[in-house]
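Student: Next comes query_21.cif, mmCIF, C-alpha atoms:
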data_structure
loop_
_atom_site.label_atom_id
_atom_site.label_comp_id
_atom_site.auth_asym_id
_atom_site.auth_seq_id
_atom_site.Cartn_x
_atom_site.Cartn_y
_atom_site.Cartn_z
CA MET A 198 -46.68 -85.69 24.79
CA ARG A 199 -48.30 -85.08 28.20
CA LYS A 200 -45.22 -86.29 30.03
CA LEU A 201 -43.03 -84.03 27.98
CA MET A 202 -45.31 -81.08 28.67
CA ARG A 203 -45.27 -81.82 32.40
CA LYS A 204 -41.49 -81.98 32.40
CA LEU A 205 -41.30 -78.73 30.51
CA MET A 206 -43.73 -77.10 32.95
CA THR A 207 -41.72 -78.31 35.95
CA ILE A 208 -38.47 -76.98 34.49
CA LEU A 209 -40.04 -73.63 33.69
CA PHE A 210 -41.54 -73.41 37.17
CA LEU A 211 -38.15 -74.09 38.75
CA VAL A 212 -36.49 -71.47 36.54
CA PHE A 213 -39.22 -69.02 37.56
CA LEU A 214 -38.62 -69.69 41.26
CA CYS A 215 -34.86 -69.21 40.83
CA ALA A 216 -35.42 -65.95 38.99
CA VAL A 217 -37.70 -64.60 41.70
CA GLY A 218 -35.17 -65.56 44.35
CA PHE A 219 -32.38 -63.95 42.35
CA ALA A 220 -34.29 -60.71 41.92
CA ALA A 221 -35.10 -60.42 45.62
CA GLU A 222 -33.06 -57.86 47.50
CA THR A 223 -30.44 -59.18 49.81
CA SER A 224 -29.28 -56.79 52.48
CA LYS A 225 -25.61 -57.11 53.26
CA LYS A 226 -24.59 -56.79 56.86
CA ILE A 227 -21.26 -56.38 58.57
CA PRO A 228 -20.62 -59.22 61.00
CA ALA A 229 -19.61 -58.11 64.49
CA HIS A 230 -15.87 -58.33 65.31
CA SER A 231 -14.89 -58.18 61.64
CA ARG A 232 -11.46 -56.77 60.86
CA ILE A 233 -11.72 -53.36 59.28
CA TYR A 234 -9.16 -51.11 57.69
CA ILE A 235 -9.64 -47.35 57.60
CA ALA A 236 -8.12 -45.79 54.50
CA PRO A 237 -6.51 -42.34 54.71
CA MET A 238 -9.02 -39.48 54.41
CA ASP A 239 -6.85 -36.37 54.94
CA GLY A 240 -6.76 -36.90 58.70
CA PHE A 241 -10.43 -37.75 59.12
CA GLU A 242 -9.47 -41.41 59.57
CA ASN A 243 -8.02 -40.54 62.99
CA ASP A 244 -11.26 -38.85 64.07
CA LEU A 245 -13.17 -41.87 62.82
CA LYS A 246 -10.95 -44.30 64.74
CA ALA A 247 -11.44 -42.28 67.92
CA ALA A 248 -15.19 -42.10 67.32
CA MET A 249 -15.44 -45.84 66.75
CA GLU A 250 -13.78 -46.42 70.08
CA THR A 251 -15.98 -43.85 71.81
CA LYS A 252 -19.15 -45.36 70.38
CA LYS A 253 -17.87 -48.87 71.05
CA VAL A 254 -18.41 -50.14 67.52
CA PRO A 255 -17.89 -53.92 67.68
CA LEU A 256 -15.27 -54.02 64.92
CA GLU A 257 -11.56 -54.70 65.04
CA ILE A 258 -9.53 -51.91 63.44
CA VAL A 259 -6.37 -53.15 61.71
CA ALA A 260 -3.44 -51.14 60.39
CA ALA A 261 -2.80 -53.24 57.27
CA ARG A 262 -5.30 -53.50 54.44
CA ASP A 263 -4.23 -57.11 53.70
CA GLN A 264 -5.36 -58.25 57.15
CA ALA A 265 -8.80 -56.70 56.85
CA ASP A 266 -12.17 -58.07 55.77
CA PHE A 267 -13.69 -54.64 55.16
CA GLU A 268 -12.39 -51.23 54.27
CA ILE A 269 -13.70 -47.80 55.19
CA SER A 270 -12.96 -45.06 52.71
CA GLY A 271 -14.49 -41.70 52.15
CA THR A 272 -14.08 -38.00 52.24
CA ALA A 273 -14.50 -35.19 54.75
CA GLU A 274 -14.67 -31.45 54.35
CA SER A 275 -14.42 -28.77 56.93
CA GLN A 276 -15.32 -25.15 56.35
CA LYS A 277 -14.15 -22.77 59.01
CA ALA A 278 -16.37 -19.83 59.93
CA SER A 279 -15.68 -16.89 57.66
CA THR A 280 -15.32 -13.33 58.92
CA ALA A 281 -18.80 -12.59 57.56
CA LYS A 282 -20.24 -15.49 59.54
CA LYS A 283 -18.51 -14.32 62.69
CA VAL A 284 -19.57 -10.69 62.29
CA ILE A 285 -23.09 -11.16 60.88
CA LEU A 286 -24.25 -14.42 62.38
CA TRP A 287 -22.08 -14.17 65.51
CA ASN A 288 -21.09 -17.77 64.97
CA TRP A 289 -17.59 -19.24 65.24
CA HIS A 290 -18.46 -22.86 64.58
CA SER A 291 -17.34 -24.65 61.42
CA ASN A 292 -19.54 -26.42 58.90
CA GLU A 293 -18.66 -30.06 58.50
CA GLN A 294 -19.59 -32.69 55.99
CA ALA A 295 -18.33 -36.21 55.54
CA SER A 296 -19.22 -39.31 53.65
CA ILE A 297 -17.94 -42.82 54.23
CA ARG A 298 -18.43 -46.17 52.60
CA VAL A 299 -17.63 -49.67 53.79
CA SER A 300 -16.63 -52.17 51.15
CA ASP A 301 -16.19 -55.90 51.43
CA LEU A 302 -12.60 -56.53 50.33
CA LYS A 303 -13.29 -60.07 49.18
CA SER A 304 -16.34 -59.47 47.02
CA GLY A 305 -15.71 -55.81 46.25
CA GLU A 306 -19.29 -54.90 47.17
CA ILE A 307 -20.16 -51.76 49.08
CA VAL A 308 -22.12 -52.92 52.08
CA PHE A 309 -22.68 -49.64 53.90
CA ALA A 310 -22.45 -45.94 53.17
CA TYR A 311 -23.37 -42.90 55.13
CA SER A 312 -23.07 -39.17 54.65
CA VAL A 313 -23.47 -36.45 57.22
CA ASN A 314 -23.67 -32.67 57.08
CA LYS A 315 -23.43 -30.55 60.21
CA GLN A 316 -23.80 -26.80 60.05
CA SER A 317 -22.15 -24.87 62.85
CA SER A 318 -20.79 -28.09 64.27
CA ALA A 319 -20.10 -27.72 67.98
CA HIS A 320 -17.19 -30.14 68.01
CA GLY A 321 -16.00 -29.88 64.41
CA ARG A 322 -14.85 -33.11 62.77
CA ARG A 323 -15.45 -35.03 65.96
CA SER A 324 -19.21 -34.57 65.53
CA THR A 325 -19.28 -35.92 61.98
CA ALA A 326 -16.96 -38.81 62.86
CA GLU A 327 -19.17 -39.77 65.79
CA ALA A 328 -22.27 -39.60 63.59
CA CYS A 329 -20.59 -41.97 61.13
CA ALA A 330 -19.52 -44.32 63.93
CA LYS A 331 -23.00 -44.29 65.47
CA HIS A 332 -24.67 -45.31 62.22
CA LEU A 333 -21.98 -47.87 61.46
CA LYS A 334 -22.60 -49.41 64.86
CA GLU A 335 -26.31 -49.67 64.07
CA GLN A 336 -25.48 -51.52 60.87
CA VAL A 337 -23.23 -53.97 62.71
CA GLN A 338 -25.62 -54.45 65.58
CA ASP A 339 -28.56 -55.24 63.31
CA GLN A 340 -27.07 -58.67 62.85
CA THR A 341 -26.19 -59.25 66.50
CA GLN A 342 -29.60 -58.07 67.82
CA PRO A 343 -31.52 -61.37 67.41
CA ALA A 344 -28.77 -63.25 69.25
CA LYS A 345 -29.11 -60.85 72.18
CA ASN A 346 -32.88 -61.26 72.27
CA ASN A 347 -32.57 -65.01 72.38
CA LYS A 348 -30.47 -64.90 75.52
CA MET B 295 -54.23 -84.49 24.27
CA SER B 296 -57.22 -82.31 23.42
CA SER B 297 -56.77 -78.95 21.70
CA LYS B 298 -58.23 -77.10 24.74
CA THR B 299 -55.72 -78.61 27.13
CA MET B 300 -52.96 -77.95 24.66
CA SER B 301 -53.88 -74.28 24.32
CA LYS B 302 -54.18 -73.90 28.10
CA THR B 303 -50.76 -75.43 28.64
CA LEU B 304 -49.25 -73.24 25.97
CA SER B 305 -50.73 -70.08 27.48
CA VAL B 306 -49.33 -71.01 30.90
CA ILE B 307 -45.91 -71.58 29.33
CA VAL B 308 -46.04 -68.23 27.56
CA ILE B 309 -46.98 -66.44 30.80
CA LEU B 310 -44.16 -68.18 32.66
CA ILE B 311 -41.61 -67.30 29.97
CA CYS B 312 -42.71 -63.67 30.01
CA THR B 313 -42.43 -63.50 33.80
CA VAL B 314 -39.00 -65.11 33.85
CA LEU B 315 -37.69 -62.86 31.09
CA SER B 316 -39.08 -59.75 32.71
CA SER B 317 -37.43 -60.54 36.05
CA TYR B 318 -34.09 -60.67 34.25
CA GLY B 319 -34.64 -57.22 32.79
CA VAL B 320 -35.72 -58.19 29.28
CA GLN B 321 -39.10 -57.25 27.96
CA PRO B 322 -41.15 -59.80 25.99
CA ASP B 323 -40.67 -57.74 22.82
CA GLY B 324 -36.92 -58.10 23.15
CA ASN B 325 -36.10 -54.56 24.28
CA PRO B 326 -33.82 -54.55 27.28
CA ILE B 327 -34.86 -52.61 30.36
CA LYS B 328 -32.61 -49.63 30.90
CA ILE B 329 -31.17 -50.65 34.28
CA PRO B 330 -32.38 -54.02 35.55
CA PRO B 331 -32.74 -54.36 39.33
CA GLY B 332 -29.80 -56.19 40.88
CA SER B 333 -27.30 -54.77 38.38
CA LYS B 334 -23.75 -54.18 39.53
CA ILE B 335 -22.81 -50.52 39.47
CA TYR B 336 -19.42 -48.91 39.83
CA VAL B 337 -19.27 -45.27 40.90
CA ALA B 338 -16.27 -43.53 39.37
CA PRO B 339 -14.32 -40.91 41.35
CA MET B 340 -15.89 -37.45 41.25
CA GLY B 341 -13.60 -35.51 43.55
CA GLY B 342 -15.12 -37.01 46.70
CA PHE B 343 -18.73 -36.62 45.55
CA GLU B 344 -18.85 -40.33 44.63
CA ASN B 345 -19.10 -41.14 48.34
CA TYR B 346 -22.22 -38.98 48.67
CA VAL B 347 -23.75 -40.63 45.60
CA ILE B 348 -23.07 -44.08 47.08
CA ALA B 349 -24.58 -43.05 50.40
CA GLY B 350 -27.59 -41.58 48.58
CA ILE B 351 -28.12 -44.77 46.56
CA LEU B 352 -27.96 -46.96 49.66
CA ASN B 353 -30.07 -44.55 51.69
CA LYS B 354 -32.84 -44.56 49.06
CA ARG B 355 -32.64 -48.35 48.85
CA VAL B 356 -32.03 -48.45 45.12
CA PRO B 357 -32.17 -52.15 44.11
CA VAL B 358 -28.64 -52.34 42.70
CA VAL B 359 -25.35 -53.78 43.91
CA LEU B 360 -22.53 -51.26 44.30
CA VAL B 361 -19.04 -52.54 43.63
CA THR B 362 -15.61 -51.02 44.04
CA ASP B 363 -14.06 -52.79 41.04
CA ARG B 364 -15.02 -51.48 37.60
CA GLY B 365 -14.20 -54.85 36.05
CA LYS B 366 -16.99 -56.53 38.02
CA ALA B 367 -19.61 -53.92 37.15
CA ASP B 368 -22.35 -53.84 34.51
CA TYR B 369 -22.84 -50.09 34.71
CA GLU B 370 -20.73 -47.10 35.63
CA ILE B 371 -21.82 -43.81 37.16
CA ARG B 372 -19.77 -40.79 36.20
CA GLY B 373 -20.33 -37.13 36.77
CA SER B 374 -19.31 -33.94 38.45
CA ALA B 375 -20.41 -31.75 41.32
CA GLU B 376 -19.93 -28.15 42.33
CA THR B 377 -20.46 -26.34 45.59
CA GLN B 378 -20.86 -22.62 46.03
CA GLN B 379 -20.39 -21.35 49.55
CA ALA B 380 -22.64 -18.65 50.94
CA GLY B 381 -21.14 -15.17 50.53
CA TRP B 382 -21.29 -12.31 53.01
CA ALA B 383 -24.20 -10.67 51.15
CA LYS B 384 -26.28 -13.84 51.43
CA MET B 385 -25.54 -14.03 55.13
CA LEU B 386 -26.31 -10.34 55.66
CA PHE B 387 -29.50 -10.05 53.62
CA LEU B 388 -30.90 -13.56 53.83
CA GLY B 389 -29.37 -14.67 57.11
CA SER B 390 -28.52 -17.95 55.42
CA GLN B 391 -25.22 -19.80 55.39
CA ASN B 392 -26.48 -22.67 53.25
CA THR B 393 -24.51 -23.62 50.18
CA ASN B 394 -25.69 -23.89 46.58
CA GLU B 395 -25.09 -27.33 45.15
CA GLN B 396 -25.18 -28.62 41.65
CA ALA B 397 -24.30 -32.04 40.35
CA SER B 398 -24.74 -34.06 37.22
CA ILE B 399 -24.31 -37.77 36.66
CA ASN B 400 -24.74 -40.26 33.88
CA VAL B 401 -25.05 -44.04 33.97
CA GLN B 402 -23.23 -45.86 31.24
CA GLU B 403 -23.58 -49.49 30.30
CA ILE B 404 -20.00 -50.73 30.32
CA LYS B 405 -20.39 -53.41 27.64
CA THR B 406 -22.11 -51.30 25.02
CA GLY B 407 -21.02 -47.83 26.10
CA ASN B 408 -24.63 -46.60 25.92
CA ILE B 409 -25.76 -43.98 28.37
CA VAL B 410 -28.94 -45.35 29.88
CA PHE B 411 -29.69 -42.70 32.50
CA ALA B 412 -28.64 -39.16 33.24
CA TYR B 413 -29.71 -36.68 35.86
CA SER B 414 -28.65 -33.28 37.02
CA VAL B 415 -29.60 -31.53 40.22
CA ASN B 416 -29.34 -27.95 41.35
CA LYS B 417 -30.14 -27.09 44.93
CA LEU B 418 -30.21 -23.51 46.12
CA ASN B 419 -29.76 -23.09 49.86
CA SER B 420 -29.09 -26.77 50.29
CA VAL B 421 -29.62 -27.56 53.96
CA ARG B 422 -27.51 -30.71 53.88
CA GLY B 423 -25.01 -29.69 51.20
CA LYS B 424 -23.62 -32.51 49.08
CA GLN B 425 -25.68 -35.04 51.01
CA SER B 426 -28.86 -33.51 49.54
CA ALA B 427 -27.50 -33.69 46.01
CA GLY B 428 -26.36 -37.30 46.52
CA GLU B 429 -29.76 -38.33 47.86
CA ALA B 430 -31.58 -36.59 44.99
CA ILE B 431 -29.52 -38.67 42.57
CA GLY B 432 -30.31 -41.83 44.52
CA LYS B 433 -34.02 -41.02 44.53
CA HIS B 434 -34.24 -40.38 40.79
CA LEU B 435 -32.15 -43.42 39.95
CA ASN B 436 -34.54 -45.46 42.05
CA ASP B 437 -37.51 -43.93 40.22
CA ALA B 438 -35.92 -44.76 36.87
CA ILE B 439 -35.44 -48.39 37.85
CA GLU B 440 -38.97 -48.60 39.28
CA LYS B 441 -40.34 -46.97 36.11
CA SER B 442 -38.50 -49.39 33.87
CA LYS B 443 -39.90 -52.23 35.99
CA GLY B 444 -43.41 -50.80 35.53
CA GLU B 445 -43.03 -50.53 31.76
CA LYS B 446 -42.68 -54.28 31.46
#
Represent the supplied structure as structure tokens.
Tutor:
Amino acid sequence: MRKLMRKLMTILFLVFLCAVGFAAETSKKIPAHSRIYIAPMDGFENDLKAAMETKKVPLEIVAARDQADFEISGTAESQKASTAKKVILWNWHSNEQASIRVSDLKSGEIVFAYSVNKQSSAHGRRSTAEACAKHLKEQVQDQTQPAKNNK
Amino acid sequence: MSSKTMSKTLSVIVILICTVLSSYGVQPDGNPIKIPPGSKIYVAPMGGFENYVIAGILNKRVPVVLVTDRGKADYEIRGSAETQQAGWAKMLFLGSQNTNEQASINVQEIKTGNIVFAYSVNKLNSVRGKQSAGEAIGKHLNDAIEKSKGEK
């Protein structure tokens, strides 16, 4: 009886450990130099590509979705300054907002998402695209950081 | 084996079973937790607003896994969002060009079709536009999951 109870206890303890491990949060990262495809976003994809090059995001942009490990999709909106804004606020700058998400094409999981809103954006879509690229770079670099420190 | 040892062992087993069940999102009395942490959630298209919801959920560190394929998901988020741009009167009298945002979402369990969570947000003079609405949804979804964890 004792042996049986011990066995039962051990099994339950192992199940408990597995459950705790399963419930723990696992943060997904984007490995540096991964191949990434940027889906069409009404022209914003071009701004994003340019921004990723400007910010030197360590990812390889590919033209075909089949060749990619990750995909960036999202939406961007641009609101030009209205006459009222120009006359009353004396402001010609547009309001910009964009939101992107990066999904792992193999697993289908969304590993990163970011949204940005810029009122009276000085450089229009370029500003929002660069904000997205900057934060994407941080996400990619998080994984490469310890390797740099070890050097 | 003495009766004391037996009762001690049994109590330990019961505690362990309760803990294991609760970590899988099932309460000891058999009632399922509304949205168990670690659930796979699919965000349905909402005219572009789905991207803000996803960003809000990840920004608020909601303990769920977001997937792009509905077939792999346990839950689905659906909803709608509206934006009202600032008019000339608002700019003239209030000096504000902030938009008014309103959004509403519901979380449906795909298997059963039950709606387990719903939330609507209305933000006047939203400084960050749709981003604010998306983050409010993320925050309240997080609270709902935390609350359901606490009810165990």
Student: Give me, as a Markdown table, each residue of region 309-418 of chain B that comes within 12 Å of region 314-319 of chain A, together with its shortest interatomic pair and the distance in Å at one decimal, counting all atoms listed in the file, with rows ordered by chain and rising residue number.
Tutor:
| residue | atom | partner | partner_atom | distance |
| --- | --- | --- | --- | --- |
| B:Tyr346 | CA | A:Asn314 | CA | 10.6 |
| B:Ser390 | CA | A:Gln316 | CA | 11.0 |
| B:Gln391 | CA | A:Gln316 | CA | 8.5 |
| B:Asn392 | CA | A:Gln316 | CA | 8.4 |
| B:Thr393 | CA | A:Gln316 | CA | 10.4 |
Student: Could you list, with a cut-off of 6 Å and counting all atoms listed in the file, the residues of chain B near chain A, each shown with its nearest atom pair and the distance in Å rounded to one decimal, rows sorted by chain and ascending number, as a tab-separated table?
Tutor:
residue	atom	partner	partner_atom	distance
B:Val314	CA	A:Phe213	CA	5.4
B:Gly342	CA	A:Thr272	CA	5.7
B:Asn345	CA	A:Ser296	CA	5.6
B:Tyr346	CA	A:Ser296	CA	5.8
B:Ala349	CA	A:Ala310	CA	4.5
B:Leu360	CA	A:Ile307	CA	5.4
B:Val361	CA	A:Glu306	CA	4.3
B:Thr362	CA	A:Gly305	CA	5.3
B:Trp382	CA	A:Ala281	CA	5.2
B:Arg422	CA	A:Asn314	CA	5.4
Student: To one decimal place, how far is CA of Pro228 (chain A) from CA of Glu250 (chain A) in Å?
Tutor: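 Taking CA of Pro228 (chain A) and CA of Glu250 (chain A), their separation equals 17.1 Å.
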Student: Report, in Å with one decimal, the straight-line distance from CA of Val421 (chain B) to CA of Val337 (chain B).
Tutor: 24.3 Å
Student: Could you name the residues that touch region 233-243 of chain A at 8 Å or less, counting all atoms listed in the file, but leaving out those on the same chain fewer than 5 positions away, as a list in words?
Tutor: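 So the residues in contact are Leu256, Glu257, Ile258, Val259, Ala260, Ala261, Arg262, Ala265, Asp266, Phe267, Glu268, Ile269, Ser270, Gly271, Thr272, Ala273, Arg322 and Ala326 of chain A.
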Student: Mind writing the picked residues with C-alpha atoms as a tab-separated table (two decimals), in the frame of the given file?
Tutor:
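And here's selection08.tsv as it stands now:
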chain	number	residue	atom	x	y	z
A	256	LEU	CA	-15.27	-54.02	64.92
A	257	GLU	CA	-11.56	-54.70	65.04
A	258	ILE	CA	-9.53	-51.91	63.44
A	259	VAL	CA	-6.37	-53.15	61.71
A	260	ALA	CA	-3.44	-51.14	60.39
A	261	ALA	CA	-2.80	-53.24	57.27
A	262	ARG	CA	-5.30	-53.50	54.44
A	265	ALA	CA	-8.80	-56.70	56.85
A	266	ASP	CA	-12.17	-58.07	55.77
A	267	PHE	CA	-13.69	-54.64	55.16
A	268	GLU	CA	-12.39	-51.23	54.27
A	269	ILE	CA	-13.70	-47.80	55.19
A	270	SER	CA	-12.96	-45.06	52.71
A	271	GLY	CA	-14.49	-41.70	52.15
A	272	THR	CA	-14.08	-38.00	52.24
A	273	ALA	CA	-14.50	-35.19	54.75
A	322	ARG	CA	-14.85	-33.11	62.77
A	326	ALA	CA	-16.96	-38.81	62.86
Student: Any chance you could work out the residue set of the PyMOL selection byres ((chain B and resi 433) around 9) here, as a list of chain:residue names?
Tutor: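 Here the PyMOL selection byres ((chain B and resi 433) around 9) matches B:Gly350, B:Ile351, B:Asn353, B:Lys354, B:Arg355, B:Val356, B:Gly428, B:Glu429, B:Ala430, B:Ile431, B:Gly432, B:His434, B:Leu435, B:Asn436, B:Asp437, B:Ala438.
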Student: Exactly which residues make up the result of the PyMOL selection byres ((chain B and resi 419) around 12) on this file, given as an mmCIF file with C-alpha atoms, keeping the file's coordinate frame?
Tutor:
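File expr16.cif, as written:
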data_model
loop_
_atom_site.group_PDB
_atom_site.id
_atom_site.type_symbol
_atom_site.label_atom_id
_atom_site.label_comp_id
_atom_site.auth_asym_id
_atom_site.auth_seq_id
_atom_site.Cartn_x
_atom_site.Cartn_y
_atom_site.Cartn_z
ATOM 1 C CA THR B 377 -20.460 -26.340 45.590
ATOM 2 C CA GLN B 378 -20.860 -22.620 46.030
ATOM 3 C CA GLN B 379 -20.390 -21.350 49.550
ATOM 4 C CA ALA B 380 -22.640 -18.650 50.940
ATOM 5 C CA GLY B 381 -21.140 -15.170 50.530
ATOM 6 C CA LYS B 384 -26.280 -13.840 51.430
ATOM 7 C CA MET B 385 -25.540 -14.030 55.130
ATOM 8 C CA LEU B 388 -30.900 -13.560 53.830
ATOM 9 C CA GLY B 389 -29.370 -14.670 57.110
ATOM 10 C CA SER B 390 -28.520 -17.950 55.420
ATOM 11 C CA GLN B 391 -25.220 -19.800 55.390
ATOM 12 C CA ASN B 392 -26.480 -22.670 53.250
ATOM 13 C CA THR B 393 -24.510 -23.620 50.180
ATOM 14 C CA ASN B 394 -25.690 -23.890 46.580
ATOM 15 C CA GLU B 395 -25.090 -27.330 45.150
ATOM 16 C CA GLN B 396 -25.180 -28.620 41.650
ATOM 17 C CA ASN B 416 -29.340 -27.950 41.350
ATOM 18 C CA LYS B 417 -30.140 -27.090 44.930
ATOM 19 C CA LEU B 418 -30.210 -23.510 46.120
ATOM 20 C CA SER B 420 -29.090 -26.770 50.290
ATOM 21 C CA VAL B 421 -29.620 -27.560 53.960
ATOM 22 C CA ARG B 422 -27.510 -30.710 53.880
ATOM 23 C CA GLY B 423 -25.010 -29.690 51.200
ATOM 24 C CA LYS B 424 -23.620 -32.510 49.080
ATOM 25 C CA SER B 426 -28.860 -33.510 49.540
ATOM 26 C CA ALA B 427 -27.500 -33.690 46.010
#
Student: What does the distance between CA of Ser231 (chain A) and CA of Leu245 (chain A) come to in Å, to one decimal place?
Tutor: 16.4 Å
Student: Counting all atoms listed in the file, figure out which residue out of B:Ile329, B:Val415, B:Val401, B:Ile371 gets nearest to Ile348 (chain B).
Tutor: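 Of B:Ile329, B:Val415, B:Val401, B:Ile371, the one nearest Ile348 (chain B), counting all atoms listed in the file, is B:Ile371.
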Student: So, counting only C-alpha atoms, which residue among A:Thr325, A:Lys246, A:Ala229, A:His320 is closest to Trp289 (chain A)?
Tutor: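 Using only C-alpha atoms, Trp289 (chain A) sits closest to A:His320.
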Student: Could I get region 393-410 of chain B from the block written as a PDB file, in the first residue's frame, with N, CA and C atoms?
Tutor:
ATOM      1  N   THR B 393      -8.982  62.830 -31.526  1.00  0.00           N
ATOM      2  CA  THR B 393     -10.162  62.127 -32.043  1.00  0.00           C
ATOM      3  C   THR B 393     -10.983  61.524 -30.897  1.00  0.00           C
ATOM      4  N   ASN B 394     -12.229  61.194 -31.196  1.00  0.00           N
ATOM      5  CA  ASN B 394     -13.050  60.405 -30.271  1.00  0.00           C
ATOM      6  C   ASN B 394     -13.045  58.969 -30.785  1.00  0.00           C
ATOM      7  N   GLU B 395     -12.784  58.057 -29.873  1.00  0.00           N
ATOM      8  CA  GLU B 395     -12.678  56.655 -30.283  1.00  0.00           C
ATOM      9  C   GLU B 395     -13.677  55.812 -29.519  1.00  0.00           C
ATOM     10  N   GLN B 396     -14.295  54.900 -30.211  1.00  0.00           N
ATOM     11  CA  GLN B 396     -15.090  53.907 -29.494  1.00  0.00           C
ATOM     12  C   GLN B 396     -14.925  52.540 -30.156  1.00  0.00           C
ATOM     13  N   ALA B 397     -14.859  51.547 -29.309  1.00  0.00           N
ATOM     14  CA  ALA B 397     -14.648  50.188 -29.809  1.00  0.00           C
ATOM     15  C   ALA B 397     -15.351  49.206 -28.889  1.00  0.00           C
ATOM     16  N   SER B 398     -15.684  48.084 -29.445  1.00  0.00           N
ATOM     17  CA  SER B 398     -16.339  47.043 -28.659  1.00  0.00           C
ATOM     18  C   SER B 398     -15.863  45.683 -29.158  1.00  0.00           C
ATOM     19  N   ILE B 399     -15.526  44.832 -28.227  1.00  0.00           N
ATOM     20  CA  ILE B 399     -15.068  43.487 -28.623  1.00  0.00           C
ATOM     21  C   ILE B 399     -15.772  42.413 -27.800  1.00  0.00           C
ATOM     22  N   ASN B 400     -15.792  41.227 -28.313  1.00  0.00           N
ATOM     23  CA  ASN B 400     -16.240  40.097 -27.505  1.00  0.00           C
ATOM     24  C   ASN B 400     -15.337  38.897 -27.773  1.00  0.00           C
ATOM     25  N   VAL B 401     -15.145  38.110 -26.729  1.00  0.00           N
ATOM     26  CA  VAL B 401     -14.300  36.913 -26.845  1.00  0.00           C
ATOM     27  C   VAL B 401     -15.207  35.695 -26.817  1.00  0.00           C
ATOM     28  N   GLN B 402     -15.095  34.918 -27.871  1.00  0.00           N
ATOM     29  CA  GLN B 402     -15.967  33.750 -28.000  1.00  0.00           C
ATOM     30  C   GLN B 402     -15.140  32.470 -27.928  1.00  0.00           C
ATOM     31  N   GLU B 403     -15.647  31.530 -27.179  1.00  0.00           N
ATOM     32  CA  GLU B 403     -14.991  30.217 -27.142  1.00  0.00           C
ATOM     33  C   GLU B 403     -15.399  29.492 -28.425  1.00  0.00           C
ATOM     34  N   ILE B 404     -14.427  29.105 -29.221  1.00  0.00           N
ATOM     35  CA  ILE B 404     -14.722  28.560 -30.545  1.00  0.00           C
ATOM     36  C   ILE B 404     -15.474  27.224 -30.468  1.00  0.00           C
ATOM     37  N   LYS B 405     -15.079  26.376 -29.536  1.00  0.00           N
ATOM     38  CA  LYS B 405     -15.706  25.043 -29.455  1.00  0.00           C
ATOM     39  C   LYS B 405     -17.187  25.128 -29.094  1.00  0.00           C
ATOM     40  N   THR B 406     -17.461  25.893 -28.048  1.00  0.00           N
ATOM     41  CA  THR B 406     -18.844  25.936 -27.544  1.00  0.00           C
ATOM     42  C   THR B 406     -19.669  27.062 -28.150  1.00  0.00           C
ATOM     43  N   GLY B 407     -18.978  28.112 -28.611  1.00  0.00           N
ATOM     44  CA  GLY B 407     -19.692  29.277 -29.135  1.00  0.00           C
ATOM     45  C   GLY B 407     -20.124  30.243 -28.047  1.00  0.00           C
ATOM     46  N   ASN B 408     -19.729  29.966 -26.793  1.00  0.00           N
ATOM     47  CA  ASN B 408     -20.099  30.855 -25.682  1.00  0.00           C
ATOM     48  C   ASN B 408     -19.251  32.123 -25.691  1.00  0.00           C
ATOM     49  N   ILE B 409     -19.889  33.213 -25.373  1.00  0.00           N
ATOM     50  CA  ILE B 409     -19.128  34.462 -25.233  1.00  0.00           C
ATOM     51  C   ILE B 409     -18.682  34.563 -23.782  1.00  0.00           C
ATOM     52  N   VAL B 410     -17.385  34.568 -23.590  1.00  0.00           N
ATOM     53  CA  VAL B 410     -16.844  34.503 -22.229  1.00  0.00           C
ATOM     54  C   VAL B 410     -16.386  35.862 -21.711  1.00  0.00           C
TER      55      VAL B 410
END
